[in-house]
Every structure is written in structure tokens, then in C-alpha cells.
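Reproduced below: upload.cif, with mmCIF, C-alpha atoms, pLDDT in the B column; chains and numbers go by the auth columns.
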data_structure
loop_
_atom_site.group_PDB
_atom_site.id
_atom_site.type_symbol
_atom_site.label_atom_id
_atom_site.label_comp_id
_atom_site.label_asym_id
_atom_site.label_seq_id
_atom_site.Cartn_x
_atom_site.Cartn_y
_atom_site.Cartn_z
_atom_site.B_iso_or_equiv
_atom_site.auth_seq_id
_atom_site.auth_asym_id
ATOM 1 C CA MET A 1 5.440 168.601 22.792 37.00 175 A
ATOM 2 C CA LEU A 2 3.289 170.560 25.203 42.00 176 A
ATOM 3 C CA ALA A 3 -0.142 169.126 25.745 44.00 177 A
ATOM 4 C CA LYS A 4 -2.774 171.820 25.696 47.00 178 A
ATOM 5 C CA ALA A 5 -6.482 172.435 25.899 47.00 179 A
ATOM 6 C CA SER A 6 -8.554 175.347 24.746 44.00 180 A
ATOM 7 C CA LEU A 7 -11.605 176.938 26.310 42.00 181 A
ATOM 8 C CA SER A 8 -13.632 179.219 24.059 38.00 182 A
ATOM 9 C CA GLY A 9 -14.496 182.651 25.342 39.00 183 A
ATOM 10 C CA ASP A 10 -17.938 182.275 23.785 39.00 184 A
ATOM 11 C CA ASP A 11 -18.725 180.236 26.901 41.00 185 A
ATOM 12 C CA ARG A 12 -17.366 182.429 29.668 43.00 186 A
ATOM 13 C CA VAL A 13 -14.841 180.654 31.864 48.00 187 A
ATOM 14 C CA ASP A 14 -16.577 180.431 35.184 47.00 188 A
ATOM 15 C CA GLY A 15 -15.354 178.881 38.410 48.00 189 A
ATOM 16 C CA ASP A 16 -16.810 175.431 37.781 52.00 190 A
ATOM 17 C CA GLN A 17 -15.212 175.233 34.325 57.00 191 A
ATOM 18 C CA PHE A 18 -11.786 176.101 35.629 59.00 192 A
ATOM 19 C CA LEU A 19 -12.038 173.916 38.707 56.00 193 A
ATOM 20 C CA ASN A 20 -13.082 170.913 36.638 56.00 194 A
ATOM 21 C CA CYS A 21 -10.167 171.383 34.246 60.00 195 A
ATOM 22 C CA PRO A 22 -7.321 169.151 35.544 57.00 196 A
ATOM 23 C CA LEU A 23 -4.587 170.858 33.503 56.00 197 A
ATOM 24 C CA CYS A 24 -3.077 172.760 36.430 60.00 198 A
ATOM 25 C CA ILE A 25 -2.761 169.440 38.304 59.00 199 A
ATOM 26 C CA PHE A 26 -0.849 167.703 35.511 64.00 200 A
ATOM 27 C CA GLY A 27 1.228 170.697 34.373 73.00 201 A
ATOM 28 C CA LYS A 28 -0.413 171.159 30.987 78.00 202 A
ATOM 29 C CA VAL A 29 -1.086 174.310 28.962 80.00 203 A
ATOM 30 C CA LEU A 30 -4.482 176.016 29.136 81.00 204 A
ATOM 31 C CA ILE A 31 -5.464 178.516 26.433 82.00 205 A
ATOM 32 C CA ILE A 32 -8.583 180.585 27.079 82.00 206 A
ATOM 33 C CA GLN A 33 -9.730 182.298 23.890 82.00 207 A
ATOM 34 C CA GLU A 34 -11.669 185.488 23.216 80.00 208 A
ATOM 35 C CA VAL A 35 -11.046 186.956 26.650 80.00 209 A
ATOM 36 C CA ASP A 36 -12.125 190.574 27.134 79.00 210 A
ATOM 37 C CA THR A 37 -11.578 190.630 30.893 81.00 211 A
ATOM 38 C CA VAL A 38 -9.777 188.524 33.485 82.00 212 A
ATOM 39 C CA ASP A 39 -12.115 186.422 35.611 80.00 213 A
ATOM 40 C CA PRO A 40 -11.429 186.787 39.373 80.00 214 A
ATOM 41 C CA ILE A 41 -11.288 182.986 39.677 78.00 215 A
ATOM 42 C CA LEU A 42 -7.892 183.152 37.953 81.00 216 A
ATOM 43 C CA PHE A 43 -6.349 185.740 40.292 84.00 217 A
ATOM 44 C CA ALA A 44 -4.965 183.231 42.792 83.00 218 A
ATOM 45 C CA VAL A 45 -3.089 181.360 40.054 83.00 219 A
ATOM 46 C CA LEU A 46 -1.874 184.557 38.353 85.00 220 A
ATOM 47 C CA ARG A 47 -0.619 186.030 41.628 86.00 221 A
ATOM 48 C CA GLY A 48 1.075 182.783 42.610 85.00 222 A
ATOM 49 C CA ASP A 49 -0.825 182.448 45.882 85.00 223 A
ATOM 50 C CA PHE A 50 0.291 178.880 46.519 86.00 224 A
ATOM 51 C CA ILE A 51 0.152 176.904 49.749 86.00 225 A
ATOM 52 C CA GLN A 52 2.748 174.268 50.560 87.00 226 A
ATOM 53 C CA GLN A 53 1.280 171.176 52.239 86.00 227 A
ATOM 54 C CA GLY A 54 4.214 168.854 52.721 85.00 228 A
ATOM 55 C CA PRO A 55 5.247 167.671 49.245 85.00 229 A
ATOM 56 C CA ARG A 56 2.063 169.124 47.725 85.00 230 A
ATOM 57 C CA LYS A 57 1.683 172.606 46.315 87.00 231 A
ATOM 58 C CA VAL A 58 -1.940 173.707 46.242 85.00 232 A
ATOM 59 C CA VAL A 59 -3.840 176.838 45.278 82.00 233 A
ATOM 60 C CA GLN A 60 -7.142 178.103 46.703 81.00 234 A
ATOM 61 C CA LEU A 61 -9.750 178.406 43.955 76.00 235 A
ATOM 62 C CA GLY A 62 -13.116 179.400 45.364 73.00 236 A
ATOM 63 C CA ASP A 63 -13.792 177.053 48.250 76.00 237 A
ATOM 64 C CA LYS A 64 -11.545 174.287 46.930 78.00 238 A
ATOM 65 C CA LEU A 65 -7.837 173.523 47.243 81.00 239 A
ATOM 66 C CA ILE A 66 -6.476 172.366 43.881 80.00 240 A
ATOM 67 C CA ASP A 67 -3.116 170.650 43.414 83.00 241 A
ATOM 68 C CA TYR A 68 -0.753 172.773 41.341 83.00 242 A
ATOM 69 C CA ASN A 69 2.089 171.696 39.046 83.00 243 A
ATOM 70 C CA ASP A 70 4.909 174.163 38.336 83.00 244 A
ATOM 71 C CA ASN A 71 4.798 173.241 34.634 84.00 245 A
ATOM 72 C CA PHE A 72 1.261 174.584 34.269 84.00 246 A
ATOM 73 C CA GLN A 73 0.943 177.481 31.806 83.00 247 A
ATOM 74 C CA LEU A 74 -2.038 179.746 31.228 83.00 248 A
ATOM 75 C CA PHE A 75 -2.579 181.889 28.114 86.00 249 A
ATOM 76 C CA LEU A 76 -5.453 184.347 27.646 85.00 250 A
ATOM 77 C CA THR A 77 -6.028 185.454 24.055 85.00 251 A
ATOM 78 C CA THR A 78 -8.287 188.060 22.474 84.00 252 A
ATOM 79 C CA ARG A 79 -8.828 189.712 19.116 79.00 253 A
ATOM 80 C CA ASN A 80 -9.974 192.867 20.861 76.00 254 A
ATOM 81 C CA SER A 81 -7.247 195.509 20.513 71.00 255 A
ATOM 82 C CA GLU A 82 -8.515 197.262 23.658 74.00 256 A
ATOM 83 C CA PRO A 83 -9.641 194.602 26.156 78.00 257 A
ATOM 84 C CA ASP A 84 -11.234 195.768 29.394 79.00 258 A
ATOM 85 C CA ILE A 85 -8.520 194.700 31.818 82.00 259 A
ATOM 86 C CA ALA A 86 -8.902 196.092 35.330 82.00 260 A
ATOM 87 C CA PRO A 87 -5.777 197.657 36.926 84.00 261 A
ATOM 88 C CA ASP A 88 -5.532 194.936 39.579 83.00 262 A
ATOM 89 C CA ALA A 89 -5.556 192.270 36.836 83.00 263 A
ATOM 90 C CA ALA A 90 -3.165 194.209 34.586 84.00 264 A
ATOM 91 C CA ALA A 91 -0.599 194.178 37.386 85.00 265 A
ATOM 92 C CA ILE A 92 -0.393 190.370 37.463 85.00 266 A
ATOM 93 C CA VAL A 93 -0.468 189.442 33.764 86.00 267 A
ATOM 94 C CA THR A 94 2.102 189.858 30.992 85.00 268 A
ATOM 95 C CA PHE A 95 0.800 191.550 27.863 85.00 269 A
ATOM 96 C CA VAL A 96 2.089 190.461 24.448 84.00 270 A
ATOM 97 C CA ASN A 97 0.630 192.604 21.670 80.00 271 A
ATOM 98 C CA PHE A 98 0.635 190.990 18.221 81.00 272 A
ATOM 99 C CA THR A 99 -1.353 193.825 16.648 80.00 273 A
ATOM 100 C CA THR A 100 0.103 195.174 13.414 83.00 274 A
ATOM 101 C CA THR A 101 1.729 198.565 13.965 86.00 275 A
ATOM 102 C CA LEU A 102 2.754 201.224 11.467 88.00 276 A
ATOM 103 C CA ALA A 103 6.444 200.837 12.269 88.00 277 A
ATOM 104 C CA GLY A 104 6.260 197.034 12.222 89.00 278 A
ATOM 105 C CA LEU A 105 4.510 196.865 8.851 91.00 279 A
ATOM 106 C CA THR A 106 6.884 199.464 7.426 92.00 280 A
ATOM 107 C CA GLY A 107 9.817 197.268 8.402 90.00 281 A
ATOM 108 C CA GLN A 108 8.229 194.195 6.795 90.00 282 A
ATOM 109 C CA LEU A 109 7.453 196.019 3.543 92.00 283 A
ATOM 110 C CA LEU A 110 10.937 197.555 3.478 90.00 284 A
ATOM 111 C CA ALA A 111 12.447 194.064 3.762 88.00 285 A
ATOM 112 C CA CYS A 112 10.178 192.861 0.917 91.00 286 A
ATOM 113 C CA ALA A 113 11.238 195.771 -1.304 90.00 287 A
ATOM 114 C CA VAL A 114 14.940 195.232 -0.615 88.00 288 A
ATOM 115 C CA ARG A 115 14.683 191.478 -1.266 88.00 289 A
ATOM 116 C CA HIS A 116 13.012 192.160 -4.601 88.00 290 A
ATOM 117 C CA GLU A 117 15.038 195.123 -5.828 86.00 291 A
ATOM 118 C CA ARG A 118 18.423 194.415 -4.224 85.00 292 A
ATOM 119 C CA PRO A 119 18.554 190.741 -3.229 86.00 293 A
ATOM 120 C CA GLU A 120 22.332 190.922 -2.801 85.00 294 A
ATOM 121 C CA LEU A 121 21.873 193.545 -0.069 80.00 295 A
ATOM 122 C CA ALA A 122 19.327 191.429 1.779 80.00 296 A
ATOM 123 C CA LYS A 123 21.615 188.396 1.569 83.00 297 A
ATOM 124 C CA ARG A 124 24.657 190.352 2.752 82.00 298 A
ATOM 125 C CA ARG A 125 22.719 191.840 5.676 79.00 299 A
ATOM 126 C CA ALA A 126 21.517 188.383 6.760 82.00 300 A
ATOM 127 C CA GLU A 127 25.095 187.085 6.583 82.00 301 A
ATOM 128 C CA LEU A 128 26.375 189.983 8.692 79.00 302 A
ATOM 129 C CA LEU A 129 23.694 189.429 11.326 80.00 303 A
ATOM 130 C CA GLN A 130 24.556 185.734 11.523 83.00 304 A
ATOM 131 C CA GLN A 131 28.275 186.539 11.724 81.00 305 A
ATOM 132 C CA GLU A 132 27.635 189.041 14.516 80.00 306 A
ATOM 133 C CA GLU A 133 25.683 186.485 16.546 83.00 307 A
ATOM 134 C CA GLU A 134 28.467 183.923 16.110 82.00 308 A
ATOM 135 C CA LEU A 135 31.099 186.450 17.243 79.00 309 A
ATOM 136 C CA LYS A 136 29.066 187.365 20.323 81.00 310 A
ATOM 137 C CA LEU A 137 28.753 183.668 21.146 83.00 311 A
ATOM 138 C CA LYS A 138 32.551 183.280 20.887 80.00 312 A
ATOM 139 C CA VAL A 139 33.015 186.187 23.309 79.00 313 A
ATOM 140 C CA ASP A 140 30.728 184.488 25.831 81.00 314 A
ATOM 141 C CA GLN A 141 32.589 181.206 25.411 80.00 315 A
ATOM 142 C CA LEU A 142 35.955 182.927 25.939 77.00 316 A
ATOM 143 C CA GLN A 143 34.679 184.551 29.120 78.00 317 A
ATOM 144 C CA GLU A 144 33.500 181.189 30.440 81.00 318 A
ATOM 145 C CA VAL A 145 36.881 179.596 29.650 77.00 319 A
ATOM 146 C CA VAL A 146 38.783 182.385 31.406 75.00 320 A
ATOM 147 C CA LEU A 147 36.551 182.230 34.483 76.00 321 A
ATOM 148 C CA GLU A 148 36.843 178.449 34.664 78.00 322 A
ATOM 149 C CA GLU A 149 40.637 178.554 34.375 74.00 323 A
ATOM 150 C CA LEU A 150 40.879 181.212 37.080 74.00 324 A
ATOM 151 C CA ALA A 151 38.559 179.229 39.342 75.00 325 A
ATOM 152 C CA THR A 152 40.518 175.984 38.950 76.00 326 A
ATOM 153 C CA ALA A 153 44.015 177.535 39.070 72.00 327 A
ATOM 154 C CA GLN A 154 46.178 176.428 41.967 74.00 328 A
ATOM 155 C CA GLY A 155 48.931 178.276 43.720 71.00 329 A
ATOM 156 C CA ASP A 156 50.147 181.720 42.713 72.00 330 A
ATOM 157 C CA ILE A 157 48.434 182.590 39.432 67.00 331 A
ATOM 158 C CA LEU A 158 51.192 185.102 38.646 69.00 332 A
ATOM 159 C CA GLN A 159 53.683 182.234 38.563 69.00 333 A
ATOM 160 C CA ASN A 160 51.417 179.932 36.546 69.00 334 A
ATOM 161 C CA LYS A 161 52.945 180.262 33.072 72.00 335 A
ATOM 162 C CA GLU A 162 50.374 177.973 31.454 73.00 336 A
ATOM 163 C CA LEU A 163 47.506 180.035 32.861 70.00 337 A
ATOM 164 C CA LEU A 164 49.102 183.345 31.863 72.00 338 A
ATOM 165 C CA SER A 165 49.696 182.052 28.337 78.00 339 A
ATOM 166 C CA SER A 166 46.071 180.946 28.089 76.00 340 A
ATOM 167 C CA LEU A 167 44.865 184.333 29.370 74.00 341 A
ATOM 168 C CA ASN A 168 47.011 186.165 26.832 78.00 342 A
ATOM 169 C CA GLU A 169 45.612 184.019 24.024 79.00 343 A
ATOM 170 C CA ALA A 170 42.069 184.729 25.228 77.00 344 A
ATOM 171 C CA LYS A 171 42.855 188.459 25.342 79.00 345 A
ATOM 172 C CA ALA A 172 44.194 188.420 21.777 79.00 346 A
ATOM 173 C CA SER A 173 41.206 186.422 20.534 79.00 347 A
ATOM 174 C CA SER A 174 38.812 188.768 22.312 78.00 348 A
ATOM 175 C CA ALA A 175 40.458 191.832 20.754 80.00 349 A
ATOM 176 C CA ALA A 176 40.196 190.265 17.279 80.00 350 A
ATOM 177 C CA ILE A 177 36.525 189.417 17.850 78.00 351 A
ATOM 178 C CA TYR A 178 35.674 192.942 19.027 80.00 352 A
ATOM 179 C CA SER A 179 37.470 194.346 15.987 81.00 353 A
ATOM 180 C CA SER A 180 35.370 192.090 13.748 79.00 354 A
ATOM 181 C CA LEU A 181 32.209 193.173 15.573 78.00 355 A
ATOM 182 C CA SER A 182 33.098 196.828 15.012 81.00 356 A
ATOM 183 C CA GLU A 183 33.657 196.192 11.315 79.00 357 A
ATOM 184 C CA SER A 184 30.390 194.273 11.094 78.00 358 A
ATOM 185 C CA SER A 185 28.509 197.183 12.689 80.00 359 A
ATOM 186 C CA ARG A 186 30.085 199.601 10.202 81.00 360 A
ATOM 187 C CA LEU A 187 29.092 197.445 7.232 79.00 361 A
ATOM 188 C CA GLN A 188 25.560 197.052 8.600 78.00 362 A
ATOM 189 C CA GLU A 189 25.226 200.827 8.857 83.00 363 A
ATOM 190 C CA GLU A 190 26.299 201.198 5.224 81.00 364 A
ATOM 191 C CA LEU A 191 23.779 198.555 4.160 82.00 365 A
ATOM 192 C CA ARG A 192 21.061 200.247 6.213 83.00 366 A
ATOM 193 C CA GLN A 193 21.673 203.529 4.409 85.00 367 A
ATOM 194 C CA GLU A 194 21.371 201.781 1.051 84.00 368 A
ATOM 195 C CA CYS A 195 18.189 199.987 2.153 85.00 369 A
ATOM 196 C CA ASP A 196 16.689 203.284 3.323 87.00 370 A
ATOM 197 C CA MET A 197 16.366 204.289 -0.333 89.00 371 A
ATOM 198 C CA TYR A 198 13.206 202.158 -0.347 89.00 372 A
ATOM 199 C CA ARG A 199 11.882 203.408 3.001 91.00 373 A
ATOM 200 C CA PRO A 200 9.558 206.085 1.487 93.00 374 A
ATOM 201 C CA LEU A 201 7.863 203.351 -0.562 92.00 375 A
ATOM 202 C CA ALA A 202 7.454 201.147 2.521 92.00 376 A
ATOM 203 C CA GLU A 203 6.145 204.017 4.662 93.00 377 A
ATOM 204 C CA SER A 204 3.574 205.197 2.134 93.00 378 A
ATOM 205 C CA SER A 205 2.400 201.613 1.545 93.00 379 A
ATOM 206 C CA SER A 206 2.070 201.040 5.283 93.00 380 A
ATOM 207 C CA GLN A 207 0.037 204.226 5.668 92.00 381 A
ATOM 208 C CA LEU A 208 -2.198 203.062 2.814 92.00 382 A
ATOM 209 C CA PHE A 209 -2.883 199.786 4.644 92.00 383 A
ATOM 210 C CA PHE A 210 -3.946 201.574 7.819 89.00 384 A
ATOM 211 C CA ALA A 211 -6.204 203.846 5.739 87.00 385 A
ATOM 212 C CA ILE A 212 -8.041 201.000 4.009 87.00 386 A
ATOM 213 C CA ARG A 213 -8.156 198.870 7.176 83.00 387 A
ATOM 214 C CA ASP A 214 -10.885 201.143 8.539 80.00 388 A
ATOM 215 C CA LEU A 215 -13.112 200.523 5.524 83.00 389 A
ATOM 216 C CA HIS A 216 -14.823 197.717 7.452 78.00 390 A
ATOM 217 C CA LYS A 217 -16.569 200.479 9.400 79.00 391 A
ATOM 218 C CA VAL A 218 -18.340 201.390 6.144 84.00 392 A
ATOM 219 C CA ASN A 219 -19.136 197.819 5.150 82.00 393 A
ATOM 220 C CA ASN A 220 -18.083 194.523 6.749 78.00 394 A
ATOM 221 C CA MET A 221 -17.250 193.242 3.295 81.00 395 A
ATOM 222 C CA TYR A 222 -14.072 195.326 3.284 80.00 396 A
ATOM 223 C CA GLN A 223 -11.734 193.271 5.446 79.00 397 A
ATOM 224 C CA PHE A 224 -7.984 193.488 4.829 81.00 398 A
ATOM 225 C CA SER A 225 -5.340 191.543 6.737 83.00 399 A
ATOM 226 C CA SER A 226 -1.683 192.563 6.859 86.00 400 A
ATOM 227 C CA SER A 227 -0.635 189.235 5.288 88.00 401 A
ATOM 228 C CA ALA A 228 -2.994 189.753 2.324 88.00 402 A
ATOM 229 C CA PHE A 229 -1.753 193.322 1.911 91.00 403 A
ATOM 230 C CA THR A 230 1.866 192.105 1.977 91.00 404 A
ATOM 231 C CA ARG A 231 1.073 189.601 -0.791 92.00 405 A
ATOM 232 C CA LEU A 232 -0.438 192.418 -2.873 91.00 406 A
ATOM 233 C CA PHE A 233 2.654 194.519 -2.201 92.00 407 A
ATOM 234 C CA ASN A 234 4.956 191.731 -3.418 91.00 408 A
ATOM 235 C CA LYS A 235 2.747 191.192 -6.460 91.00 409 A
ATOM 236 C CA ALA A 236 2.944 194.905 -7.289 90.00 410 A
ATOM 237 C CA LEU A 237 6.742 194.771 -7.038 88.00 411 A
ATOM 238 C CA SER A 238 6.820 191.844 -9.448 86.00 412 A
ATOM 239 C CA THR A 239 4.548 193.556 -11.991 83.00 413 A
ATOM 240 C CA GLU A 240 6.316 195.401 -14.785 62.00 414 A
ATOM 241 C CA HIS A 241 4.890 198.877 -15.321 57.00 415 A
ATOM 242 C CA LYS A 242 5.339 200.392 -18.763 50.00 416 A
ATOM 243 C CA VAL A 243 5.752 204.135 -18.833 47.00 417 A
ATOM 244 C CA SER A 244 4.187 205.714 -21.912 44.00 418 A
#
Mind turning this structure into C-alpha cells?
Amino acid sequence: MLAKASLSGDDRVDGDQFLNCPLCIFGKVLIIQEVDTVDPILFAVLRGDFIQQGPRKVVQLGDKLIDYNDNFQLFLTTRNSEPDIAPDAAAIVTFVNFTTTLAGLTGQLLACAVRHERPELAKRRAELLQQEEELKLKVDQLQEVVLEELATAQGDILQNKELLSSLNEAKASSAAIYSSLSESSRLQEELRQECDMYRPLAESSSQLFFAIRDLHKVNNMYQFSSSAFTRLFNKALSTEHKVS
């Protein structure tokens, strides 16, 4: 397991805090929470401005040289959907956005609707995806075998009957795998068309979520998370509605 420590953004991470944290020396994981901007003290680490001193790798932080371990990892997290990240900082960090999007929520709700209304379709689609991954893995393995045999072959490969036989078998297996992949893609397209019957429901529900999500601007009491909305969506699917 990765050892980690967390620094709260409520207490801004200043130079002394970071310098006194030994995680970069021992190759641990540092998570700095509630970050709205990138502190300049972190730039040297983010840019990889390391100095090699014999067997030691050090980084200049302020007026100090700190030992650096290549296993050190730094994560900056924020709940602000629009953090104030300067262009020079944006160029040296990797952004991973976990914010719920309209397309993402639509896909989740569509999967929920299909699992409830047509569970056999959801099961078949999962099986096809797993089969496709296994076939792609077999292709990679065949390529590695062929390359290894060619690399270790001795003499004239055109006269090596054992090698030629092995290559022909690999070619036949590869053709069969690609044929199976093509069939899998065709079946997945058919399943996708059947699943798209429920897309209007998923799209309208997703739009409803984004409409009510802004109600917190009226009153902080109205807070809706995507997970809570998804539970309500599943509950609605499970509720029998009588038409009078």
C-alpha cells in the first residue's frame, strides 16, 4: 500500500509546511486538499528541476536543498470547478476532472435503465466487451511469440520448416481472432441500437439533474449529488405506475 499524508487547504501550504514534510525524501504520497491555486514553492518539484549530487537527487525548495525520491507523488485536489490556476502552473500539472458532465451522467442513467428494463442486453454487452478484451490480448501475445521466434531463429529462415509452420499457425490464429473481433463489433452495434431506445429517458433525466443542481443558489438547503439522483432514478424505475 502507498503511505500517504494529507495537508488541508484550510491552512495554506506555505514553504515551511512543505519543507518540513519529509514525504518527498522517503518517496511517499502527499495529498494537498482544497487547492484553488498552485503555490510557487511547488514549481521546482512539478517541473522536475532536480540536481544530481553523486548518488543523491536533490531539489531546490526556497533556500534549501531537499533530498528527492523518485517514488514521491503529489496530488492537489479541489472542489472548485474553476480553480484559479495560472498559465505557468497549468503547463506543468496534469488535470483530471471528476466533475459530473451531461454526457457522463446520461451514460450512467442509460446503463441503469438498460439493466432494469433489459437485463439480458446489459449482460450480453458486458460479455462481448470482456470477449473483445480477451481477443485483443491474444493478438498481442501472438505478436510477441512471432517476434521472439524471428529473433531467435538461426540460419536461413526460409529454410526453417519449424519456424515457417509456426508462422503459418500464428497467421491462421490471427485471422480467426480478427474475424471474431469483427463479429463482436457488429453485435455490439446491434446491442447499442437496442439500448438507444432508452436514451431519451436518460437524456431528459440528466437535463433535469443539471436544472435542479442550481437550486442551491436559491437556498443552500437544496443540495443534490449525482449519486443521490441516480438512486432516485433507480427507485423510480422500480416503482410500478398505474395508468388510469
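Computed from the coordinates, the CA of Ile205 (chain A) to CA of Leu248 (chain A) distance equals 6.0 Å.
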What is the CA of Thr251 (chain A)-CA of Glu208 (chain A) distance in Å, reported with one decimal?
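Answer for the CA of Thr251 (chain A) to CA of Glu208 (chain A) separation: 5.7 Å.
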Using only C-alpha atoms, determine which residues lie at most 10 Å from Ala296 (chain A), disregarding the query and same-chain residues fewer than 6 positions distant; provide the list as an MDAnalysis selection string.
chainID A and resid 285:290 302 365 369
A:Ser378, A:Thr268, A:Gln315, A:Gln362 ranked by distance to Leu295 (chain A), top pick (using only C-alpha atoms)
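The closest residue to Leu295 (chain A) is A:Gln362.
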For region 349-407 of chain A against region 306-311 of chain A, with a cut-off of 12 Å and counting all atoms listed in the file, what is the closest atom pair and its distance in Å to one decimal for every residue that makes the cut, ordered by chain and number, as a tab-separated table?
residue	atom	partner	partner_atom	distance
A:Ala349	CA	A:Leu309	CA	11.4
A:Ala350	CA	A:Leu309	CA	9.9
A:Ile351	CA	A:Leu309	CA	6.2
A:Tyr352	CA	A:Leu309	CA	8.1
A:Ser353	CA	A:Leu309	CA	10.2
A:Ser354	CA	A:Leu309	CA	7.9
A:Leu355	CA	A:Glu306	CA	6.3
A:Ser356	CA	A:Glu306	CA	9.5
A:Glu357	CA	A:Glu306	CA	9.9
A:Ser358	CA	A:Glu306	CA	6.8
A:Ser359	CA	A:Glu306	CA	8.4
A:Arg360	CA	A:Glu306	CA	11.7
A:Leu361	CA	A:Glu306	CA	11.2
A:Gln362	CA	A:Glu306	CA	10.2
Which residue, A:Gly236, A:Ala325, A:Thr280, A:Met371, has the smallest gap to Thr404 (chain A) when you use all atoms listed in the file?
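Of A:Gly236, A:Ala325, A:Thr280, A:Met371, the one nearest Thr404 (chain A), counting all atoms listed in the file, is A:Thr280.
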For the provided coordinates, the residues matched by the PyMOL selection byres ((chain A and resi 316) around 10) should be stated as a list in words.
Lys310, Leu311, Lys312, Val313, Asp314, Gln315, Gln317, Glu318, Val319, Val320, Leu321, Glu322, Leu341, Glu343, Ala344, Lys345, Ser347 and Ser348 of chain A
Select, from A:Pro214, A:Leu283, A:Phe384, A:Glu291, the residue with the minimum atom-to-atom distance to Ser399 (chain A), counting all atoms listed in the file.
A:Phe384
One-decimal distance in Å that lies between CA of Leu235 (chain A) and CA of Val219 (chain A)
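Those two atoms sit 8.3 Å apart.
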